[in-house]
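Colleague: Would you mind keeping the following structure in view while I ask a few things?
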Protein chains: 2
Amino acid sequence: MATVLTERTRFILDEDRIPRAWYNIAADLPSPPPPPLHPGTGQPIGPGDLAPLFPMELIKQVVATDREIEIPDPVRDAYKLYRPSPLHRARRLEKALDTPAHIYYKYEGGSPSGSHKPNTALAQAYFNKAEGVTRLATETGAGQWGSALAFAGAAFDLEIKVFMVRASYDQKPYRRVLMETYGASVVPSPSRDTQYGQQVLAENPRHTGSLGVAISEAIEDTVTHPGTKYSLGSVFDFVLLHQTVIGQETIEQMALAGEEPDVIIGCAGGGSNFAGLTFPWLGQTFRGGRRYKVIAAEPEAAPSLTRGVYAYDFGDTAKTTPLVKMHTLGADFIPEPIHAGGLRYHGMAPLVSHLKELGAIEARSVHQVACFAAGVQFARAEGILPAPEPTHALKVAIDEALDAKAAGEERVILFNLCGHGHFDLSAYEKFLAGTLEDYEYPDAAVQKALASLPTIAS
Amino acid sequence: MATVLTERTRFILDEDRIPRAWYNIAADLPSPPPPPLHPGTGQPIGPGDLAPLFPMELIKQVVATDREIEIPDPVRDAYKLYRPSPLHRARRLEKALDTPAHIYYKYEGGSPSGSHKPNTALAQAYFNKAEGVTRLATETGAGQWGSALAFAGAAFDLEIKVFMVRASYDQKPYRRVLMETYGASVVPSPSRDTQYGQQVLAENPRHTGSLGVAISEAIEDTVTHPGTKYSLGSVFDFVLLHQTVIGQETIEQMALAGEEPDVIIGCAGGGSNFAGLTFPWLGQTFRGGRRYKVIAAEPEAAPSLTRGVYAYDFGDTAKTTPLVKMHTLGADFIPEPIHAGGLRYHGMAPLVSHLKELGAIEARSVHQVACFAAGVQFARAEGILPAPEPTHALKVAIDEALDAKAAGEERVILFNLCGHGHFDLSAYEKFLAGTLEDYEYPDAAVQKALASLPTIAS
């Protein structure tokens with residue numbers, strides 16, 4: 001008979017506890033991160049360089065040093081559709097692991113599009129709308145980001161154009177249909193809708209696309225359509241900023257639980273959900289508070305923080321973005337097709353990279369098959385089926401819990417379960433059938449890509 | 001610019017507000033419903049007739065007349081994984097409709113399997129486990145019920161065998177994989193695992209299955225495997241009982257909102273989510289409280305309450321169950337393949353049918369295409385993509401809100417959004433492409449099926 005678990009399991013907050021401001025870690029950093037550079041001049045870029053792509057309020061957020069950036073009422077109102085999100089104590093998983101550790105997870109999968117992505121999509125849609133923008137262009141890989149922005153477009157009455165990597169467009173039609181249900185227009189990338197897409201298709205009519213190509217198409221679409229701006233779902237400072245509602249809520253919820261985490265874990269691809277959970281906690285430390293063990297969980301197939309170099313590099317494979325200093329595997333590096341599409345990125349958010357350099361966070365890489373095994377164990381214990389991306393954070397959380405067991409410690413572990421896996425069941429099917437591919441660290445490919453890093457006059 | 005909506009949107013309850021008892025409407029009914037009869041003798045069945053299929057505690061719940069049936073701690077603990085579920089005010093939908101009506105929806109789609117079904121799955125798994133059962137057999141159509149029971153099996157360490165209608169097994173592989181991820185064993189029905197399945201396949205090796213065949217296979221599996229009992233997801237009294245946590249929570253949440261509903265709406269196939277929402281409210285009325293307009297929303301393609309006869313009939317198409325008095329379209333009636341698979345049933349729960357006869361509830365039928373249009377409108381306004389089943393309740397809620405607008409009334413409307421539609425995007429794709437089939441009331445087929453209703457010596 002199942003043991004009765006009478007302690008508290010779920011910590012929820014009323015909607016008036018949605019944070020009133022985003023937390024800007026720039027206010028508390030011991031030193032600022034190196035600035036983005038213009039690839040032509042090698043000089044720091046200014047607001048004017050970003051103006052064709054983003055509305056001024058978002059650009060201001062990138063350079064702001066205030067600790068709190070107020071969340072406008074219409075954005076808070078839209079957050080009320082799904083926030084605050086619950087914090088769970090994984091008491092059934094603890095029992096399955098027979099560990100003295102206490103495992104907590106913040107669950108962002110209850111949002112309309114099933115992940116944490118709407119936290120910034122709604123903010124970006126609002127600020128664009130407020131400055132008269134009528135249409136946003138973006139790229140999406142597996143579709144988590146595209147469906148979040150499509151939802152935000154419906155909420156703030158904006159046209160949304162999504163360039164979706166053709167491989168995903170063909171393999172994940174349901175993600176496309178979800179975007180279309182919200183009213184977005186979705187084309188496979190490379191598309192015939194841009195000159196760059198036409199050029200790529202002319203060279204290879206059967207090109208299956210890549211995030212790099214899709215970004216280039218979305219940017220070209222933006223600069224060639226009046227009233228259109230560009231929107232993106234990770235990496236950029238303002239994206240990370242908007243995600244800090246996650247961590248702020250967990251500070252309040254852990255207090256409700258009467259505990260403080262020893263270890264805080266997020267998966268990291270571009271870095272936005274990791275930053276969203278951890279920055280508010282790191283800020284407490286920077287302001288003189290207790291130090292936490294903060295771990296970024298990366299895929300072994302694309303471990304930028306654990307194996308990359310810290311250097312100026314392009315954000316996209318087409319090399320059209322400003323140069324940013326980050327941990328990178330080289331902009332030419334194309335990760336293997338792991339199912340955690342959101343973690344298939346050659347670089348890491350500059351702010352997250354900077355924190356790694358400061359020694360404030362550490363990183364750990366994990367294998368795909370072990371992550372799915374953790375995902376199945378979690379689903380059977382806790383019910384929720386995790387998306388492939390957060391299984392990386394989960395795997396590290398389980399490792400920490402087992403380590404605590406070996407050490408006989410009552411360690412408190414907090415991780416971010418940033419999305420559900422209801423769109424990822426074909427990957428779980430492969431795992432259950434024993435046919436899921438595993439990938440080792442692609443040393444040769446990374447070395448080759450790193451050989452062509454841009455040279456910067458220092 | 002989007003208007004600022006500063007009033008409350010989401011009403012949540014802390015986990016200690018999960019009800020401690022299920023609400024048993026039998027205690028408050030003005031008259032009891034007619035008893036189930038043994039098809040051979042025409043006499044009321046007793047507990048012994050049900051003992052091969054169900055554990056004694058569940059059988060006791062069917063005949064209990066106590067108003068409150070205590071929820072055992074292990075079931076309440078499992079409910080904590082996702083309950084209490086939120087109540088939302090659909091303020092963006094109200095705005096889109098420009099209606100003075102206030103629209104509230106209870107959202108059950110946040111459960112691990114994405115619908116209200118775990119409310120009874122967990123209870124059934126617990127009571128079986130407590131009596132030494134090691135394995136449960138069940139049937140599933142589209143897979144909502146099967147995945148809920150698979151989850152419950154993982155929670156209470158029971159083997160789960162699911163007979164899944166072959167058409168769905170082939171067309172909805174993701175639902176099958178979800179069940180398998182929870183550890184269940186799933187076979188397409190008709191299967192080679194039962195004599196009845198073999199017989200059906202011998203007649204037609206390409207038989208695509210039906211719920212009736214799957215029920216018969218699950219029952220045969222149950223009685224031929226020691227340690228196995230049968231589990232089902234709707235229609236039966238104890239299933240409806242377990243769902244009353246939904247309505248009890250809404251009574252508390254509407255009080256938080258400071259309003260009382262004028263109209264209460266649930267979609268109705270077998271009747272469990274409808275009963276779960278409405279029975280606790282109806283109980284207040286029976287005990288001398290205010291009367292509400294309570295509406296069961298049915299598909300035009302299978303409108304048992306609106307067009308069926310109130311008569312004794314079999315619960316399954318194979319005619320192996322006890323005879324129950326209900327609104328029925330005839331056990332031989334096979335509804336057209338509407339996408340709301342959970343509403344494709346020839347009959348209606350006897351308790352719900354009885355309430356219709358008492359005049360305590362009314363019923364309304366709606367067309368598939370109009371329901372999907374309502375679903376898209378809802379997704380664009382509120383973010384959540386509804387499963388096809390609750391779009392029926394939603395359509396009626398929208399009609400009521402527009403009627404209130406025409407009448408200039410501030411009507412308060414409450415409906416149950418019993419599941420999300422992330423597994424139903426192929427149907428939304430058809431709707432968006434304008435190729436979704438619509439179905440009229442199948443008068444000839446119903447008349448034919450009704451002609452062979454069983455005859456009962458009265």
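Chain labels run A, B, ... following the order of the structure tokens; each chain numbers its residues from 1, and ligands are numbered from 1 in the order shown.
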Enumerate, as a ChimeraX atom specification, the complete set of residues in stretch 238-416 of chain B that a backbone-based DSSP assignment places in helix (DSSP H, G or I).
Modeller: /B:238-242,244-257,272-286,304-307,341-343,350-358,368-382,388-407
Colleague: Near stretch 55-63 of chain B, counting only C-alpha atoms, which residues have an atom at most 8 Å away, once you skip same-chain residues fewer than 2 positions from it, shown as an MDAnalysis selection string?
Modeller: chainID B and resid 47 50:51 53 65 69 124 127:128 131 229 237:238
Colleague: Could you list, as a PyMOL selection string, every residue of chain A that has an atom within 6 Å of an atom of chain B, counting only C-alpha atoms?
Modeller: chain A and resi 2+4+74+112+154+156+174+177+182+380+383-384+425+429
Colleague: Generate a file of the selected residues that holds N, CA, C and O atoms, formatted as an mmCIF file, in the first residue's frame.
Modeller:
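Saved as out38.cif:
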data_model
loop_
_atom_site.group_PDB
_atom_site.id
_atom_site.type_symbol
_atom_site.label_atom_id
_atom_site.label_comp_id
_atom_site.auth_asym_id
_atom_site.auth_seq_id
_atom_site.Cartn_x
_atom_site.Cartn_y
_atom_site.Cartn_z
ATOM 1 N N ALA A 2 0.472 2.188 -0.802
ATOM 2 C CA ALA A 2 1.246 3.433 -0.866
ATOM 3 C C ALA A 2 1.239 4.113 0.502
ATOM 4 O O ALA A 2 0.221 4.176 1.173
ATOM 5 N N VAL A 4 1.128 6.979 3.226
ATOM 6 C CA VAL A 4 0.431 8.260 3.275
ATOM 7 C C VAL A 4 1.464 9.366 3.426
ATOM 8 O O VAL A 4 2.323 9.332 4.303
ATOM 9 N N PRO A 74 -0.765 45.685 -18.212
ATOM 10 C CA PRO A 74 -1.328 44.742 -19.197
ATOM 11 C C PRO A 74 -0.538 43.428 -19.277
ATOM 12 O O PRO A 74 -1.115 42.374 -19.567
ATOM 13 N N PRO A 112 -0.324 28.455 -21.213
ATOM 14 C CA PRO A 112 -1.105 28.055 -22.392
ATOM 15 C C PRO A 112 -0.291 27.315 -23.450
ATOM 16 O O PRO A 112 -0.775 26.358 -24.033
ATOM 17 N N ALA A 154 -1.918 36.862 -30.061
ATOM 18 C CA ALA A 154 -3.375 36.853 -29.872
ATOM 19 C C ALA A 154 -3.756 37.740 -28.692
ATOM 20 O O ALA A 154 -4.751 38.469 -28.744
ATOM 21 N N PHE A 156 -2.223 40.415 -27.519
ATOM 22 C CA PHE A 156 -2.012 41.853 -27.733
ATOM 23 C C PHE A 156 -2.316 42.288 -29.163
ATOM 24 O O PHE A 156 -1.879 43.350 -29.591
ATOM 25 N N TYR A 174 1.877 19.316 -35.154
ATOM 26 C CA TYR A 174 0.963 19.783 -34.113
ATOM 27 C C TYR A 174 1.406 21.118 -33.526
ATOM 28 O O TYR A 174 0.570 21.957 -33.163
ATOM 29 N N VAL A 177 0.219 23.652 -35.960
ATOM 30 C CA VAL A 177 -1.228 23.868 -35.870
ATOM 31 C C VAL A 177 -1.561 24.704 -34.630
ATOM 32 O O VAL A 177 -2.441 25.565 -34.666
ATOM 33 N N TYR A 182 -3.692 29.928 -32.745
ATOM 34 C CA TYR A 182 -3.594 31.247 -32.098
ATOM 35 C C TYR A 182 -3.645 32.384 -33.133
ATOM 36 O O TYR A 182 -3.659 33.546 -32.755
ATOM 37 N N ARG A 380 6.442 8.636 -13.735
ATOM 38 C CA ARG A 380 5.802 7.571 -12.947
ATOM 39 C C ARG A 380 5.649 7.957 -11.482
ATOM 40 O O ARG A 380 4.731 7.506 -10.812
ATOM 41 N N GLY A 383 3.747 12.159 -11.994
ATOM 42 C CA GLY A 383 2.633 12.331 -12.914
ATOM 43 C C GLY A 383 2.958 13.175 -14.121
ATOM 44 O O GLY A 383 2.590 12.837 -15.239
ATOM 45 N N ILE A 384 3.655 14.285 -13.921
ATOM 46 C CA ILE A 384 3.945 15.197 -15.026
ATOM 47 C C ILE A 384 5.005 14.593 -15.944
ATOM 48 O O ILE A 384 6.038 14.125 -15.484
ATOM 49 N N LEU A 425 6.198 13.070 -27.480
ATOM 50 C CA LEU A 425 6.015 11.658 -27.178
ATOM 51 C C LEU A 425 6.689 10.730 -28.173
ATOM 52 O O LEU A 425 6.967 9.580 -27.848
ATOM 53 N N GLU A 429 8.706 7.523 -27.084
ATOM 54 C CA GLU A 429 8.458 6.220 -27.708
ATOM 55 C C GLU A 429 9.780 5.544 -28.076
ATOM 56 O O GLU A 429 9.974 4.351 -27.816
#
Colleague: Within 7 Å of stretch 189-203 of chain A, counting only C-alpha atoms, which residues show up once you throw out same-chain ones fewer than 3 positions away? Write them as a list in words, please.
Modeller: Phe163, Met164, Val165, Arg166, His207, Gly209, Val213, Ala214, Glu217, Glu220 and Asp221 of chain A
Colleague: Identify, on the basis of only C-alpha atoms, every residue whose closest approach to B:Val133 does not exceed 8 Å; exclude the query and any residue fewer than 6 positions from it along the same chain; express the result as number ranges by chain.
Modeller: B: 158, 227-229
Colleague: Between A:Tyr169, A:Phe274, A:Phe236, A:Phe372, which residue has the minimum interatomic distance to A:Leu417, considering only C-alpha atoms?
Modeller: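 Answer, going by the shortest atom-to-atom distance: A:Phe274.
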Colleague: Could you jot down the atom CA of A:Pro52 to atom CA of A:Thr140 separation for me, Å, one decimal place?
Modeller: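 Answer for the atom CA of A:Pro52 to atom CA of A:Thr140 separation: 20.4 Å.
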Colleague: What are the DSSP strand (DSSP E or B) residues of stretch 143-280 of chain B, as a list in words?
Modeller: Glu159, Ile160, Lys161, Val162, Phe163, Met164, Val165, Ser185, Val186, Val187, Pro188, Ser189, Thr228, Lys229, Tyr230, Val263, Ile264, Ile265, Gly266 and Cys267 of chain B
Colleague: Write the residues of the selection above to a file with N, CA and C atoms, as a PDB file, in the first residue's frame.
Modeller:
ATOM      1  N   GLU B 159      -0.421  -2.998 -11.932  1.00  0.00           N
ATOM      2  CA  GLU B 159      -0.300  -3.235 -13.369  1.00  0.00           C
ATOM      3  C   GLU B 159      -1.571  -2.748 -14.050  1.00  0.00           C
ATOM      4  N   ILE B 160      -1.424  -2.118 -15.206  1.00  0.00           N
ATOM      5  CA  ILE B 160      -2.596  -1.631 -15.935  1.00  0.00           C
ATOM      6  C   ILE B 160      -2.576  -2.208 -17.352  1.00  0.00           C
ATOM      7  N   LYS B 161      -3.703  -2.825 -17.713  1.00  0.00           N
ATOM      8  CA  LYS B 161      -3.843  -3.333 -19.087  1.00  0.00           C
ATOM      9  C   LYS B 161      -4.946  -2.540 -19.779  1.00  0.00           C
ATOM     10  N   VAL B 162      -4.619  -1.929 -20.901  1.00  0.00           N
ATOM     11  CA  VAL B 162      -5.575  -1.067 -21.601  1.00  0.00           C
ATOM     12  C   VAL B 162      -5.898  -1.647 -22.980  1.00  0.00           C
ATOM     13  N   PHE B 163      -7.193  -1.874 -23.226  1.00  0.00           N
ATOM     14  CA  PHE B 163      -7.657  -2.230 -24.555  1.00  0.00           C
ATOM     15  C   PHE B 163      -8.081  -0.931 -25.254  1.00  0.00           C
ATOM     16  N   MET B 164      -7.283  -0.536 -26.246  1.00  0.00           N
ATOM     17  CA  MET B 164      -7.514   0.748 -26.905  1.00  0.00           C
ATOM     18  C   MET B 164      -8.127   0.513 -28.284  1.00  0.00           C
ATOM     19  N   VAL B 165      -9.259   1.155 -28.527  1.00  0.00           N
ATOM     20  CA  VAL B 165      -9.952   1.023 -29.811  1.00  0.00           C
ATOM     21  C   VAL B 165      -8.928   1.188 -30.949  1.00  0.00           C
ATOM     22  N   SER B 185       0.406  -1.392 -20.058  1.00  0.00           N
ATOM     23  CA  SER B 185       0.480  -2.227 -21.252  1.00  0.00           C
ATOM     24  C   SER B 185      -0.754  -1.934 -22.105  1.00  0.00           C
ATOM     25  N   VAL B 186      -0.547  -1.603 -23.358  1.00  0.00           N
ATOM     26  CA  VAL B 186      -1.641  -1.165 -24.232  1.00  0.00           C
ATOM     27  C   VAL B 186      -1.691  -2.058 -25.462  1.00  0.00           C
ATOM     28  N   VAL B 187      -2.889  -2.597 -25.755  1.00  0.00           N
ATOM     29  CA  VAL B 187      -3.050  -3.372 -26.995  1.00  0.00           C
ATOM     30  C   VAL B 187      -4.214  -2.784 -27.790  1.00  0.00           C
ATOM     31  N   PRO B 188      -4.124  -2.900 -29.118  1.00  0.00           N
ATOM     32  CA  PRO B 188      -5.253  -2.449 -29.933  1.00  0.00           C
ATOM     33  C   PRO B 188      -6.402  -3.438 -29.796  1.00  0.00           C
ATOM     34  N   SER B 189      -7.622  -2.905 -29.731  1.00  0.00           N
ATOM     35  CA  SER B 189      -8.805  -3.757 -29.629  1.00  0.00           C
ATOM     36  C   SER B 189      -9.633  -3.629 -30.905  1.00  0.00           C
ATOM     37  N   THR B 228      -7.056  -9.567 -10.873  1.00  0.00           N
ATOM     38  CA  THR B 228      -7.410  -8.454 -11.755  1.00  0.00           C
ATOM     39  C   THR B 228      -8.842  -7.994 -11.505  1.00  0.00           C
ATOM     40  N   LYS B 229      -9.057  -6.675 -11.503  1.00  0.00           N
ATOM     41  CA  LYS B 229     -10.412  -6.123 -11.493  1.00  0.00           C
ATOM     42  C   LYS B 229     -10.562  -5.206 -12.700  1.00  0.00           C
ATOM     43  N   TYR B 230     -11.815  -4.761 -12.876  1.00  0.00           N
ATOM     44  CA  TYR B 230     -12.158  -3.925 -14.034  1.00  0.00           C
ATOM     45  C   TYR B 230     -12.300  -2.477 -13.582  1.00  0.00           C
ATOM     46  N   VAL B 263     -26.086  30.168 -14.383  1.00  0.00           N
ATOM     47  CA  VAL B 263     -26.105  29.053 -15.327  1.00  0.00           C
ATOM     48  C   VAL B 263     -24.853  28.201 -15.086  1.00  0.00           C
ATOM     49  N   ILE B 264     -25.026  26.876 -15.045  1.00  0.00           N
ATOM     50  CA  ILE B 264     -23.893  25.958 -14.831  1.00  0.00           C
ATOM     51  C   ILE B 264     -23.912  24.933 -15.955  1.00  0.00           C
ATOM     52  N   ILE B 265     -22.762  24.798 -16.634  1.00  0.00           N
ATOM     53  CA  ILE B 265     -22.739  24.017 -17.870  1.00  0.00           C
ATOM     54  C   ILE B 265     -21.589  23.011 -17.863  1.00  0.00           C
ATOM     55  N   GLY B 266     -21.891  21.789 -18.260  1.00  0.00           N
ATOM     56  CA  GLY B 266     -20.840  20.794 -18.488  1.00  0.00           C
ATOM     57  C   GLY B 266     -21.159  20.020 -19.748  1.00  0.00           C
ATOM     58  N   CYS B 267     -20.121  19.569 -20.462  1.00  0.00           N
ATOM     59  CA  CYS B 267     -20.396  18.681 -21.583  1.00  0.00           C
ATOM     60  C   CYS B 267     -20.742  17.308 -21.013  1.00  0.00           C
TER      61      CYS B 267
END
Colleague: What separation in Å, quoted to one decimal, exists between atom CA of A:Lys117 and atom CA of A:Leu232?
Modeller: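 Spanning atom CA of A:Lys117 to atom CA of A:Leu232 is a straight-line distance of 10.1 Å.
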Colleague: Might you pull out every residue within 12 Å of B:Gln447, with only C-alpha atoms counted and same-chain residues fewer than 6 positions away left off, and present them as an mmCIF file with N, CA and C atoms, in the first residue's frame?
Modeller:
data_model
loop_
_atom_site.group_PDB
_atom_site.id
_atom_site.type_symbol
_atom_site.label_atom_id
_atom_site.label_comp_id
_atom_site.auth_asym_id
_atom_site.auth_seq_id
_atom_site.Cartn_x
_atom_site.Cartn_y
_atom_site.Cartn_z
ATOM 1 N N ARG B 307 -32.465 13.760 -27.366
ATOM 2 C CA ARG B 307 -33.246 13.046 -28.358
ATOM 3 C C ARG B 307 -33.501 11.578 -28.021
ATOM 4 N N GLY B 308 -32.816 11.046 -27.009
ATOM 5 C CA GLY B 308 -32.986 9.632 -26.695
ATOM 6 C C GLY B 308 -34.270 9.363 -25.927
ATOM 7 N N VAL B 309 -34.549 8.075 -25.677
ATOM 8 C CA VAL B 309 -35.690 7.707 -24.841
ATOM 9 C C VAL B 309 -35.176 7.328 -23.450
ATOM 10 N N THR B 328 -31.196 6.932 -23.717
ATOM 11 C CA THR B 328 -30.364 6.137 -24.621
ATOM 12 C C THR B 328 -30.809 6.324 -26.065
ATOM 13 N N LEU B 329 -29.842 6.181 -26.938
ATOM 14 C CA LEU B 329 -30.104 6.180 -28.380
ATOM 15 C C LEU B 329 -30.119 4.744 -28.888
ATOM 16 N N GLY B 330 -30.043 3.789 -27.951
ATOM 17 C CA GLY B 330 -30.018 2.368 -28.308
ATOM 18 C C GLY B 330 -28.596 1.835 -28.298
ATOM 19 N N ALA B 331 -28.410 0.683 -27.610
ATOM 20 C CA ALA B 331 -27.057 0.133 -27.456
ATOM 21 C C ALA B 331 -26.439 -0.253 -28.796
ATOM 22 N N ASP B 332 -27.282 -0.431 -29.825
ATOM 23 C CA ASP B 332 -26.740 -0.756 -31.155
ATOM 24 C C ASP B 332 -26.283 0.477 -31.926
ATOM 25 N N PHE B 333 -26.573 1.650 -31.390
ATOM 26 C CA PHE B 333 -26.241 2.885 -32.116
ATOM 27 C C PHE B 333 -24.750 3.193 -31.994
ATOM 28 N N TYR B 441 -28.186 15.344 -36.689
ATOM 29 C CA TYR B 441 -28.749 14.299 -35.835
ATOM 30 C C TYR B 441 -29.104 13.080 -36.685
ATOM 31 N N LEU B 453 -34.422 -2.147 -28.426
ATOM 32 C CA LEU B 453 -34.213 -2.013 -26.980
ATOM 33 C C LEU B 453 -34.678 -3.289 -26.290
#
